[in-house]
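model_0.cif, holding mmCIF, C-alpha atoms and all ligand atoms:
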data_target
#
loop_
_atom_site.label_atom_id
_atom_site.label_comp_id
_atom_site.auth_asym_id
_atom_site.auth_seq_id
_atom_site.Cartn_x
_atom_site.Cartn_y
_atom_site.Cartn_z
CA MET H 510 122.75 90.57 92.91
CA LYS H 511 121.19 88.15 90.42
CA LYS H 512 118.23 89.87 88.82
CA VAL H 513 114.90 88.27 88.06
CA LYS H 514 114.28 88.76 84.34
CA VAL H 515 110.86 89.94 83.26
CA GLY H 516 109.06 89.95 79.91
CA ILE H 517 106.03 92.27 79.71
CA VAL H 518 103.25 91.43 77.25
CA GLY H 519 101.13 94.49 76.43
CA LEU H 520 102.58 97.97 76.88
CA GLY H 521 99.41 99.95 77.54
CA PHE H 522 98.33 101.60 80.79
CA MET H 523 99.15 98.63 83.00
CA GLY H 524 102.21 97.51 81.00
CA THR H 525 103.79 100.96 81.34
CA THR H 526 102.82 101.09 85.04
CA HIS H 527 104.53 97.71 85.63
CA TRP H 528 107.53 98.87 83.56
CA GLY H 529 107.94 101.83 85.94
CA VAL H 530 107.64 99.62 89.02
CA TYR H 531 110.25 97.10 87.76
CA LYS H 532 112.64 99.99 86.96
CA GLY H 533 112.59 100.82 90.68
CA LEU H 534 113.31 97.26 91.83
CA LYS H 535 116.97 96.38 92.43
CA ASN H 536 116.39 92.66 91.87
CA ALA H 537 114.34 92.86 88.65
CA GLN H 538 115.12 93.71 85.05
CA VAL H 539 112.75 93.95 82.10
CA VAL H 540 114.56 92.05 79.33
CA ALA H 541 111.69 91.57 76.86
CA LEU H 542 108.50 93.21 75.66
CA ALA H 543 105.75 92.08 73.31
CA ASP H 544 103.06 94.26 71.81
CA VAL H 545 100.94 94.01 68.66
CA ASP H 546 101.18 97.79 68.22
CA ALA H 547 104.27 98.86 66.23
CA LYS H 548 104.44 102.28 67.96
CA LYS H 549 104.66 100.65 71.39
CA ARG H 550 107.37 98.32 70.08
CA ARG H 551 109.44 101.44 69.37
CA GLY H 552 108.88 102.60 72.94
CA ASP H 553 106.39 105.29 71.92
CA VAL H 554 103.77 105.18 74.67
CA SER H 555 102.47 108.71 74.15
CA ALA H 556 98.95 107.40 73.40
CA VAL H 557 98.73 105.51 76.70
CA VAL H 558 96.15 106.91 79.16
CA GLY H 559 94.91 105.63 82.50
CA ASN H 560 92.23 106.56 84.99
CA ILE H 561 94.35 106.49 88.17
CA GLY H 562 98.08 106.89 88.74
CA GLY H 563 100.41 105.91 85.90
CA GLY H 564 103.66 107.56 84.87
CA ASP H 565 104.69 110.27 82.45
CA ASN H 566 104.28 108.66 79.04
CA SER H 567 105.24 111.70 76.99
CA LYS H 568 108.86 110.52 76.55
CA PRO H 569 109.65 107.28 74.67
CA LEU H 570 110.79 104.36 76.83
CA ASP H 571 114.49 103.51 76.65
CA LEU H 572 114.43 99.97 75.27
CA THR H 573 118.20 99.44 75.39
CA GLY H 574 118.86 95.81 76.32
CA VAL H 575 115.21 94.87 75.84
CA THR H 576 114.27 92.32 73.17
CA VAL H 577 111.05 93.39 71.50
CA TYR H 578 108.48 91.09 69.92
CA GLU H 579 105.16 91.42 68.17
CA ASP H 580 103.94 88.01 69.28
CA ALA H 581 103.60 87.00 72.92
CA ARG H 582 104.57 83.42 72.03
CA ALA H 583 107.96 84.55 70.76
CA LEU H 584 108.57 86.32 74.10
CA ILE H 585 107.50 83.18 75.96
CA GLY H 586 110.09 81.27 73.91
CA ASN H 587 112.91 83.57 75.14
CA ALA H 588 114.95 81.39 77.51
CA ASP H 589 116.21 84.47 79.36
CA VAL H 590 112.75 85.41 80.67
CA ASP H 591 111.87 84.19 84.21
CA ILE H 592 108.53 85.99 84.66
CA VAL H 593 105.98 86.62 81.91
CA ASP H 594 103.91 89.62 83.02
CA ILE H 595 100.63 89.77 81.09
CA CYS H 596 99.04 93.21 80.60
CA VAL H 597 96.94 92.65 77.47
CA PRO H 598 93.14 93.08 77.25
CA THR H 599 91.22 90.68 79.48
CA PRO H 600 89.83 88.22 76.86
CA ASP H 601 93.40 87.49 75.72
CA HIS H 602 94.76 86.60 79.16
CA ALA H 603 93.84 82.89 79.07
CA ASP H 604 95.78 81.88 75.94
CA ILE H 605 98.92 83.72 76.98
CA VAL H 606 98.78 82.58 80.64
CA CYS H 607 98.35 78.94 79.60
CA ALA H 608 101.14 79.12 77.00
CA ALA H 609 103.55 80.78 79.46
CA LEU H 610 102.83 78.32 82.28
CA ALA H 611 103.18 75.38 79.87
CA ALA H 612 106.58 76.77 78.85
CA GLY H 613 107.73 76.70 82.49
CA LYS H 614 107.62 80.46 83.12
CA HIS H 615 106.48 82.18 86.29
CA VAL H 616 103.41 84.21 85.40
CA PHE H 617 101.97 87.46 86.69
CA CYS H 618 98.65 88.25 85.01
CA GLU H 619 96.69 91.47 85.34
CA LYS H 620 93.18 91.37 86.79
CA PRO H 621 90.50 90.38 86.06
CA LEU H 622 91.81 86.84 85.61
CA CYS H 623 89.81 86.35 82.39
CA ARG H 624 86.55 87.15 80.64
CA ASP H 625 84.41 84.11 81.49
CA ALA H 626 84.10 80.84 83.42
CA THR H 627 85.31 78.68 80.50
CA GLN H 628 88.57 80.62 80.27
CA MET H 629 88.90 80.46 84.05
CA LYS H 630 88.74 76.64 84.05
CA ARG H 631 91.59 76.50 81.51
CA ILE H 632 93.74 78.90 83.52
CA VAL H 633 93.11 77.18 86.85
CA ALA H 634 93.96 73.77 85.35
CA ALA H 635 97.17 75.17 83.84
CA ALA H 636 98.17 76.88 87.11
CA LYS H 637 97.54 73.72 89.14
CA LYS H 638 99.68 71.68 86.74
CA ALA H 639 102.54 74.20 86.65
CA LYS H 640 105.58 73.94 88.91
CA THR H 641 106.14 77.68 88.52
CA PHE H 642 104.42 80.55 90.37
CA PHE H 643 101.26 82.34 89.31
CA ASN H 644 99.76 85.56 90.71
CA VAL H 645 96.99 87.87 89.50
CA GLY H 646 97.08 91.67 89.73
CA LEU H 647 94.26 92.02 92.25
CA CYS H 648 96.39 94.86 93.54
CA VAL H 649 93.94 96.27 96.08
CA ARG H 650 94.74 93.42 98.51
CA ALA H 651 98.29 94.77 98.42
CA TRP H 652 97.26 98.44 98.64
CA PRO H 653 98.72 99.59 102.00
CA GLU H 654 95.47 101.11 103.39
CA TYR H 655 93.32 98.10 102.47
CA ARG H 656 95.90 95.63 103.69
CA HIS H 657 96.24 97.40 107.03
CA ALA H 658 92.47 97.60 107.47
CA CYS H 659 92.04 93.92 106.62
CA GLU H 660 94.78 92.84 109.03
CA TYR H 661 93.36 95.10 111.76
CA PHE H 662 89.89 93.68 111.22
CA LYS H 663 91.12 90.08 111.14
CA SER H 664 93.13 90.65 114.36
CA GLY H 665 89.75 91.09 116.11
CA LYS H 666 90.66 94.57 117.44
CA ALA H 667 87.62 96.17 115.77
CA GLY H 668 85.22 93.48 116.94
CA LYS H 669 82.42 92.07 114.84
CA MET H 670 81.59 93.70 111.50
CA LYS H 671 78.10 95.19 111.30
CA SER H 672 78.17 96.86 107.90
CA ALA H 673 80.75 97.41 105.20
CA THR H 674 80.72 99.56 102.06
CA PHE H 675 83.39 99.55 99.35
CA LYS H 676 83.30 102.07 96.52
CA ARG H 677 85.27 102.66 93.30
CA ILE H 678 84.10 105.40 90.95
CA SER H 679 86.20 106.31 87.95
CA PRO H 680 86.02 109.04 85.35
CA SER H 681 84.94 107.60 82.00
CA VAL H 682 87.57 105.37 80.42
CA ASP H 683 86.10 105.94 76.95
CA GLY H 684 89.04 106.54 74.61
CA ASN H 685 91.66 105.38 77.11
CA ALA H 686 92.57 101.94 75.79
CA TRP H 687 94.01 100.27 72.70
CA GLN H 688 91.16 99.81 70.18
CA ASN H 689 88.93 101.37 72.90
CA TRP H 690 88.37 97.78 74.10
CA PHE H 691 87.02 98.85 77.53
CA MET H 692 83.98 100.27 75.73
CA ASP H 693 83.06 96.90 74.24
CA GLY H 694 81.17 95.11 77.01
CA ALA H 695 81.70 91.73 75.36
CA ARG H 696 85.48 92.19 75.64
CA SER H 697 85.92 94.08 78.91
CA GLY H 698 82.89 92.95 80.92
CA GLY H 699 82.15 96.61 81.63
CA ALA H 700 82.96 98.27 84.94
CA LEU H 701 81.40 95.29 86.74
CA LEU H 702 84.17 92.91 85.70
CA ASP H 703 87.00 95.32 85.04
CA LEU H 704 86.85 97.82 87.91
CA HIS H 705 84.48 96.49 90.53
CA VAL H 706 86.32 93.11 90.60
CA HIS H 707 88.75 94.83 93.00
CA ASP H 708 86.02 95.48 95.57
CA ALA H 709 84.39 92.08 95.10
CA ASP H 710 87.87 90.75 95.88
CA GLU H 711 88.06 92.97 98.99
CA VAL H 712 84.71 91.60 100.18
CA ASN H 713 86.15 88.09 99.76
CA TYR H 714 89.48 89.14 101.37
CA PHE H 715 87.89 90.73 104.46
CA PHE H 716 84.89 88.49 105.07
CA GLY H 717 85.25 85.36 102.92
CA MET H 718 82.65 84.19 100.44
CA PRO H 719 79.00 85.18 101.02
CA LYS H 720 76.05 82.81 100.72
CA SER H 721 74.56 84.83 97.86
CA VAL H 722 74.91 88.08 95.96
CA THR H 723 72.34 90.48 94.54
CA ALA H 724 73.54 93.04 92.01
CA VAL H 725 71.84 95.79 90.06
CA GLY H 726 73.54 97.56 87.20
CA ALA H 727 73.23 100.31 84.65
CA THR H 728 74.22 99.00 81.23
CA GLY H 729 75.49 100.98 78.27
CA ILE H 730 75.93 104.43 79.89
CA VAL H 731 79.29 104.90 78.19
CA SER H 732 80.12 101.45 76.79
CA LYS H 733 78.45 99.21 74.25
CA GLY H 734 76.60 96.59 76.28
CA GLY H 735 78.79 96.67 79.39
CA VAL H 736 77.52 97.14 82.95
CA ASP H 737 78.99 100.60 83.50
CA HIS H 738 77.79 101.03 87.08
CA VAL H 739 76.98 98.30 89.57
CA VAL H 740 75.79 98.04 93.16
CA ALA H 741 76.09 94.63 94.80
CA THR H 742 75.01 93.42 98.21
CA TYR H 743 76.51 90.28 99.72
CA ASP H 744 74.44 88.10 102.02
CA TYR H 745 76.32 86.31 104.81
CA GLY H 746 73.11 85.17 106.49
CA ASP H 747 74.13 86.83 109.76
CA GLY H 748 72.33 90.19 109.68
CA THR H 749 75.34 92.16 108.42
CA LEU H 750 75.11 94.48 105.42
CA VAL H 751 78.00 94.28 102.97
CA MET H 752 77.83 96.42 99.84
CA ALA H 753 80.15 97.33 96.98
CA GLU H 754 79.59 99.92 94.29
CA GLY H 755 81.63 100.52 91.16
CA GLY H 756 81.31 102.62 88.06
CA TRP H 757 83.38 104.14 85.28
CA ALA H 758 80.86 106.52 83.74
CA ALA H 759 81.60 109.71 85.69
CA ALA H 760 82.48 112.73 83.56
CA LYS H 761 86.10 112.99 82.42
CA GLY H 762 88.03 114.97 85.01
CA THR H 763 85.99 113.67 87.97
CA PRO H 764 88.53 112.58 90.60
CA PHE H 765 88.94 108.80 90.90
CA GLU H 766 87.34 107.61 94.12
CA MET H 767 88.32 104.49 96.02
CA SER H 768 86.92 104.25 99.49
CA PHE H 769 85.56 102.02 102.22
CA THR H 770 83.64 102.34 105.48
CA ILE H 771 83.67 99.28 107.71
CA VAL H 772 81.49 99.67 110.78
CA CYS H 773 82.40 97.23 113.54
CA GLU H 774 81.37 96.81 117.17
CA LYS H 775 84.47 98.51 118.58
CA ALA H 776 85.66 100.74 115.74
CA THR H 777 84.91 102.09 112.28
CA LEU H 778 87.62 101.77 109.64
CA LYS H 779 87.42 104.39 106.94
CA LEU H 780 89.28 105.35 103.77
CA ASP H 781 88.15 108.39 101.80
CA ALA H 782 89.62 111.47 100.19
CA SER H 783 90.80 112.65 103.64
CA GLY H 784 92.92 109.50 104.07
CA TYR H 785 92.72 106.28 106.05
CA HIS H 786 91.67 106.45 109.69
CA ILE H 787 90.40 104.20 112.45
CA TYR H 788 87.67 105.64 114.67
CA PRO H 789 87.39 103.61 117.89
CA VAL H 790 84.04 103.68 119.71
CA LYS H 791 86.06 104.58 122.81
CA GLY H 792 89.12 106.78 122.35
CA LYS H 793 90.58 109.12 119.78
CA PRO H 794 90.78 108.57 116.01
CA VAL H 795 94.00 106.94 114.83
CA THR H 796 95.86 107.43 111.56
CA PRO H 797 97.84 104.19 111.23
CA LYS H 798 101.42 104.18 110.01
CA LEU H 799 101.49 102.12 106.84
CA ASP H 800 104.16 99.82 105.51
CA VAL H 801 105.10 101.51 102.23
CA LYS H 802 108.71 100.29 102.00
CA ALA H 803 107.98 98.65 98.64
CA GLY H 804 106.13 101.75 97.41
CA PRO H 805 102.90 103.67 97.92
CA THR H 806 100.56 101.62 95.72
CA GLY H 807 99.35 98.05 95.51
CA TRP H 808 101.11 97.78 92.12
CA HIS H 809 104.47 98.44 93.79
CA GLN H 810 103.71 96.07 96.65
CA GLU H 811 102.39 93.14 94.60
CA LEU H 812 105.18 93.19 91.99
CA ALA H 813 108.01 93.65 94.51
CA TYR H 814 106.56 90.72 96.46
CA PHE H 815 106.17 88.48 93.39
CA VAL H 816 109.72 89.20 92.20
CA ASN H 817 111.07 88.45 95.70
CA CYS H 818 109.14 85.17 95.79
CA VAL H 819 110.58 84.13 92.41
CA ALA H 820 114.09 85.18 93.51
CA ARG H 821 113.81 83.12 96.73
CA GLY H 822 111.73 80.22 95.42
CA VAL H 823 108.93 80.96 97.93
CA LYS H 824 105.32 80.31 96.83
CA PRO H 825 103.59 83.73 96.58
CA GLU H 826 100.54 83.37 98.82
CA LYS H 827 100.74 86.48 101.01
CA TYR H 828 98.07 88.41 99.13
CA GLN H 829 96.11 85.69 97.35
CA THR H 830 95.85 82.01 96.52
CA LEU H 831 94.65 80.46 93.29
CA ALA H 832 91.49 79.48 95.20
CA SER H 833 90.85 83.06 96.38
CA VAL H 834 91.23 84.39 92.84
CA GLU H 835 88.87 81.71 91.55
CA ASP H 836 86.32 82.55 94.26
CA THR H 837 86.41 86.26 93.46
CA MET H 838 85.88 85.53 89.78
CA LYS H 839 82.92 83.28 90.67
CA LEU H 840 81.53 86.19 92.67
CA VAL H 841 81.71 88.69 89.77
CA PHE H 842 80.35 86.15 87.31
CA ALA H 843 77.44 85.60 89.74
CA GLU H 844 76.93 89.37 89.83
CA GLU H 845 76.72 89.45 86.02
CA ARG H 846 73.95 86.84 86.24
CA SER H 847 72.17 88.73 89.01
CA VAL H 848 72.17 91.98 86.99
CA LYS H 849 70.63 90.12 84.05
CA THR H 850 68.01 88.16 86.01
CA HIS H 851 67.19 90.77 88.70
CA LYS H 852 67.48 87.93 91.21
CA PRO H 853 69.91 86.98 93.98
CA VAL H 854 72.43 84.35 92.91
CA ARG H 855 73.54 81.68 95.36
CA ILE H 856 77.30 81.22 95.54
N1 LIG J 901 95.38 96.48 88.30
C1 LIG J 901 94.87 97.60 87.87
O1 LIG J 901 94.72 98.55 88.62
C2 LIG J 901 94.50 97.74 86.42
C3 LIG J 901 94.22 99.00 85.86
C4 LIG J 901 93.92 99.09 84.50
C5 LIG J 901 93.87 97.94 83.73
N2 LIG J 901 94.11 96.71 84.29
C6 LIG J 901 94.04 95.48 83.49
O2 LIG J 901 95.24 95.37 82.72
C7 LIG J 901 94.94 94.77 81.46
C8 LIG J 901 95.39 95.73 80.35
O3 LIG J 901 94.65 96.94 80.47
P1 LIG J 901 95.27 98.34 80.00
O4 LIG J 901 94.49 99.41 80.66
O5 LIG J 901 96.74 98.34 80.17
O6 LIG J 901 94.88 98.28 78.43
P2 LIG J 901 95.57 99.08 77.24
O7 LIG J 901 94.61 99.01 76.12
O8 LIG J 901 96.04 100.41 77.71
O9 LIG J 901 96.86 98.21 76.90
C9 LIG J 901 96.80 96.95 76.26
C10 LIG J 901 98.09 96.76 75.47
O10 LIG J 901 98.15 95.43 74.99
C11 LIG J 901 98.53 95.42 73.61
N3 LIG J 901 98.00 94.19 73.05
C12 LIG J 901 96.72 93.88 72.74
N4 LIG J 901 96.61 92.58 72.38
C13 LIG J 901 97.86 92.07 72.45
C14 LIG J 901 98.40 90.77 72.21
N5 LIG J 901 97.62 89.74 71.86
N6 LIG J 901 99.73 90.59 72.38
C15 LIG J 901 100.54 91.63 72.73
N7 LIG J 901 100.07 92.86 72.98
C16 LIG J 901 98.76 93.09 72.86
C17 LIG J 901 97.96 96.72 73.06
O11 LIG J 901 98.65 97.14 71.89
C18 LIG J 901 98.17 97.67 74.24
O12 LIG J 901 99.47 98.25 74.18
C19 LIG J 901 93.43 94.49 81.45
O13 LIG J 901 93.18 93.16 81.82
C20 LIG J 901 92.90 95.46 82.50
O14 LIG J 901 91.71 95.03 83.10
C21 LIG J 901 94.44 96.61 85.60
#

Just give me the structure as structure tokens.
Amino acid sequence: MKKVKVGIVGLGFMGTTHWGVYKGLKNAQVVALADVDAKKRRGDVSAVVGNIGGGDNSKPLDLTGVTVYEDARALIGNADVDIVDICVPTPDHADIVCAALAAGKHVFCEKPLCRDATQMKRIVAAAKKAKTFFNVGLCVRAWPEYRHACEYFKSGKAGKMKSATFKRISPSVDGNAWQNWFMDGARSGGALLDLHVHDADEVNYFFGMPKSVTAVGATGIVSKGGVDHVVATYDYGDGTLVMAEGGWAAAKGTPFEMSFTIVCEKATLKLDASGYHIYPVKGKPVTPKLDVKAGPTGWHQELAYFVNCVARGVKPEKYQTLASVEDTMKLVFAEERSVKTHKPVRI
């Protein structure tokens, strides 16, 4: 089988997570790595920490057959690489995405797409111009429970949505990242941009774009100047209540929570620590069987899918389109404005 050859840029929490996923794919091979940190370039990932999932980083990675670079541009120049997979801090996504697309590479870029609207314009223009494929790691769309719930809802089986709540609460990520960049609000965008973007994307995925958003946030609980906890309500102008809450300031050791409750006319769809269940208004609760062939997490699903699309030359639009990614980013940027102004922001 011809393998799709991958170059990973940034070998931190997400880079090592992607490394582990590619290792399990029969049709993919990591052939190149780039990282500014000399320890990581030797495969030493012992300092890498995450807030959910992630592999055992205590042993060095076996970099046999992998060409290692300091500079992302040198990796992009490697003719062997089919996919450039970008896992560097958010403000650095735009330059590397644009360079890789301009060089004719397929690009997978971690979420959030970028730090601000100016960077987004550059990326969107580059992706529209490119003949290669581009996907963003908004992995929750590919997370089996969320995907099932969204498909069930969109099939009409649950009836009309009346209220929906999405929640993502993480133990503090202070000290987790390279240069502790999450704790610098100007770089990471705080929990609002970095963590809660997943649920803003779910709101967009399930219900489309709202007419306006109102967000309130607590700034600087653990980070310098970042919105560390946010609650947003999305107005669809139809009497429904859609809400998403995200924060990364819980005490270290607090279990990571990702959950939703979607109350519809005919059923309530619910994910919490007890699992994912559908509670019909009439009839017994159901625990759906999920499609986890590609793996249990959205990271497994999204990367297996992207690699397959590149291998087959099929445009990767199952989980997202460039327009849906752009819309979700507009939504979180609007939330940033709403937190600052204490006013609703029209979308
Ligand atoms: N999808 C998810 O669930 C998820 C989870 C966590 C983080 N992320 C995203 O992934 C990205 C990376 O986050 P992380 O947690 O892995 O951060 P991290 O700090 O753990 O890792 C970043 C890595 O990039 C390297 N690096 C920094 N600048 C570089 C450059 N210019 N060129 C090459 N290497 C460079 C660092 O040395 C480090 O190894 C962020 O955009 C973050 O928001 C996504």

(request) Extract, using all atoms listed in the file, all DNA, RNA and protein residues at most 10 Å from Thr599 in chain H, discarding same-chain residues fewer than 2 positions from it, and format them as a list in words. (result) Ile595, Cys596, Val597, Asp601, His602, Ala603, Cys618, Glu619, Lys620, Pro621, Leu622, Cys623, Arg624, Asp625, Trp690, Phe691, Arg696, Ser697, Gly698, Leu702 and Asp703 of chain H

(request) For Ser732 in chain H, please output as an MDAnalysis selection string all residues within 10 Å (counting all atoms listed in the file; exclusion window: fewer than 3 positions along the same chain). (result) chainID H and resid 681:683 689:695 697:700 728:729 735:737 757:758

(message) Report as a list in words all protein, DNA and RNA residues lying within 12 Å of Ala588 in chain H, evaluated on all atoms listed in the file, omitting residues in the same chain fewer than 2 positions from it.
(response)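 Counting all atoms listed in the file, the residues come to Lys514, Val515, Gly516, Val540, Ala541, Thr576, Arg582, Ala583, Leu584, Ile585, Gly586, Val590, Asp591, Ile592, Val593, Ala609, Ala612, Gly613 and Lys614 of chain H.
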
(message) Residues within 12 Å of (101.2, 102.4, 84.7), file coordinates, counting only C-alpha atoms: what are they? Give the list as a ChimeraX atom specification.
(response) /H:519-532,554,557-566,596,619,806-809

(request) Considering all atoms listed in the file, state which residue in the set H:Phe662, H:Phe642, H:Phe769, H:Tyr743 is at the smallest distance from Leu831 in chain H. (result) H:Phe642

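Distances from H:Val795, H:Val513, H:Val616, H:Ala803 to Pro653 in chain H were compared using only C-alpha atoms, and the smallest one belongs to H:Ala803.
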
Pull range 644-661 of chain H out of the block and emit N, CA and C atoms, as a compact mmCIF listing (two decimals), in the first residue's frame.
# COMPACT_ATOMS: atom_id res chain seq x y z
N ASN H 644 -7.69 21.08 5.96
CA ASN H 644 -8.65 20.83 7.05
C ASN H 644 -8.08 21.40 8.34
N VAL H 645 -9.00 21.70 9.26
CA VAL H 645 -8.63 22.27 10.56
C VAL H 645 -9.07 21.30 11.66
N GLY H 646 -8.24 21.20 12.71
CA GLY H 646 -8.50 20.21 13.75
C GLY H 646 -9.63 20.55 14.71
N LEU H 647 -10.78 20.92 14.15
CA LEU H 647 -11.98 21.11 14.99
C LEU H 647 -12.54 19.71 15.24
N CYS H 648 -11.81 18.98 16.09
CA CYS H 648 -11.97 17.53 16.21
C CYS H 648 -13.29 17.11 16.83
N VAL H 649 -14.00 18.04 17.47
CA VAL H 649 -15.22 17.61 18.18
C VAL H 649 -16.31 17.24 17.17
N ARG H 650 -16.30 17.85 15.99
CA ARG H 650 -17.25 17.41 14.94
C ARG H 650 -17.05 15.94 14.60
N ALA H 651 -15.80 15.48 14.77
CA ALA H 651 -15.49 14.09 14.41
C ALA H 651 -15.55 13.17 15.63
N TRP H 652 -15.80 13.75 16.81
CA TRP H 652 -15.86 12.94 18.04
C TRP H 652 -17.11 12.06 17.95
N PRO H 653 -16.99 10.74 18.10
CA PRO H 653 -18.12 9.85 17.78
C PRO H 653 -19.45 10.25 18.44
N GLU H 654 -19.43 10.64 19.72
CA GLU H 654 -20.69 10.96 20.41
C GLU H 654 -21.35 12.21 19.80
N TYR H 655 -20.52 13.23 19.54
CA TYR H 655 -21.05 14.49 19.00
C TYR H 655 -21.56 14.26 17.58
N ARG H 656 -20.80 13.48 16.82
CA ARG H 656 -21.18 13.26 15.43
C ARG H 656 -22.52 12.50 15.36
N HIS H 657 -22.63 11.47 16.22
CA HIS H 657 -23.88 10.70 16.24
C HIS H 657 -25.04 11.61 16.62
N ALA H 658 -24.84 12.41 17.67
CA ALA H 658 -25.94 13.28 18.15
C ALA H 658 -26.33 14.26 17.05
N CYS H 659 -25.35 14.82 16.36
CA CYS H 659 -25.65 15.80 15.32
C CYS H 659 -26.42 15.14 14.17
N GLU H 660 -25.97 13.94 13.78
CA GLU H 660 -26.66 13.25 12.68
C GLU H 660 -28.08 12.86 13.09
N TYR H 661 -28.23 12.42 14.35
CA TYR H 661 -29.55 12.05 14.86
C TYR H 661 -30.47 13.27 14.84
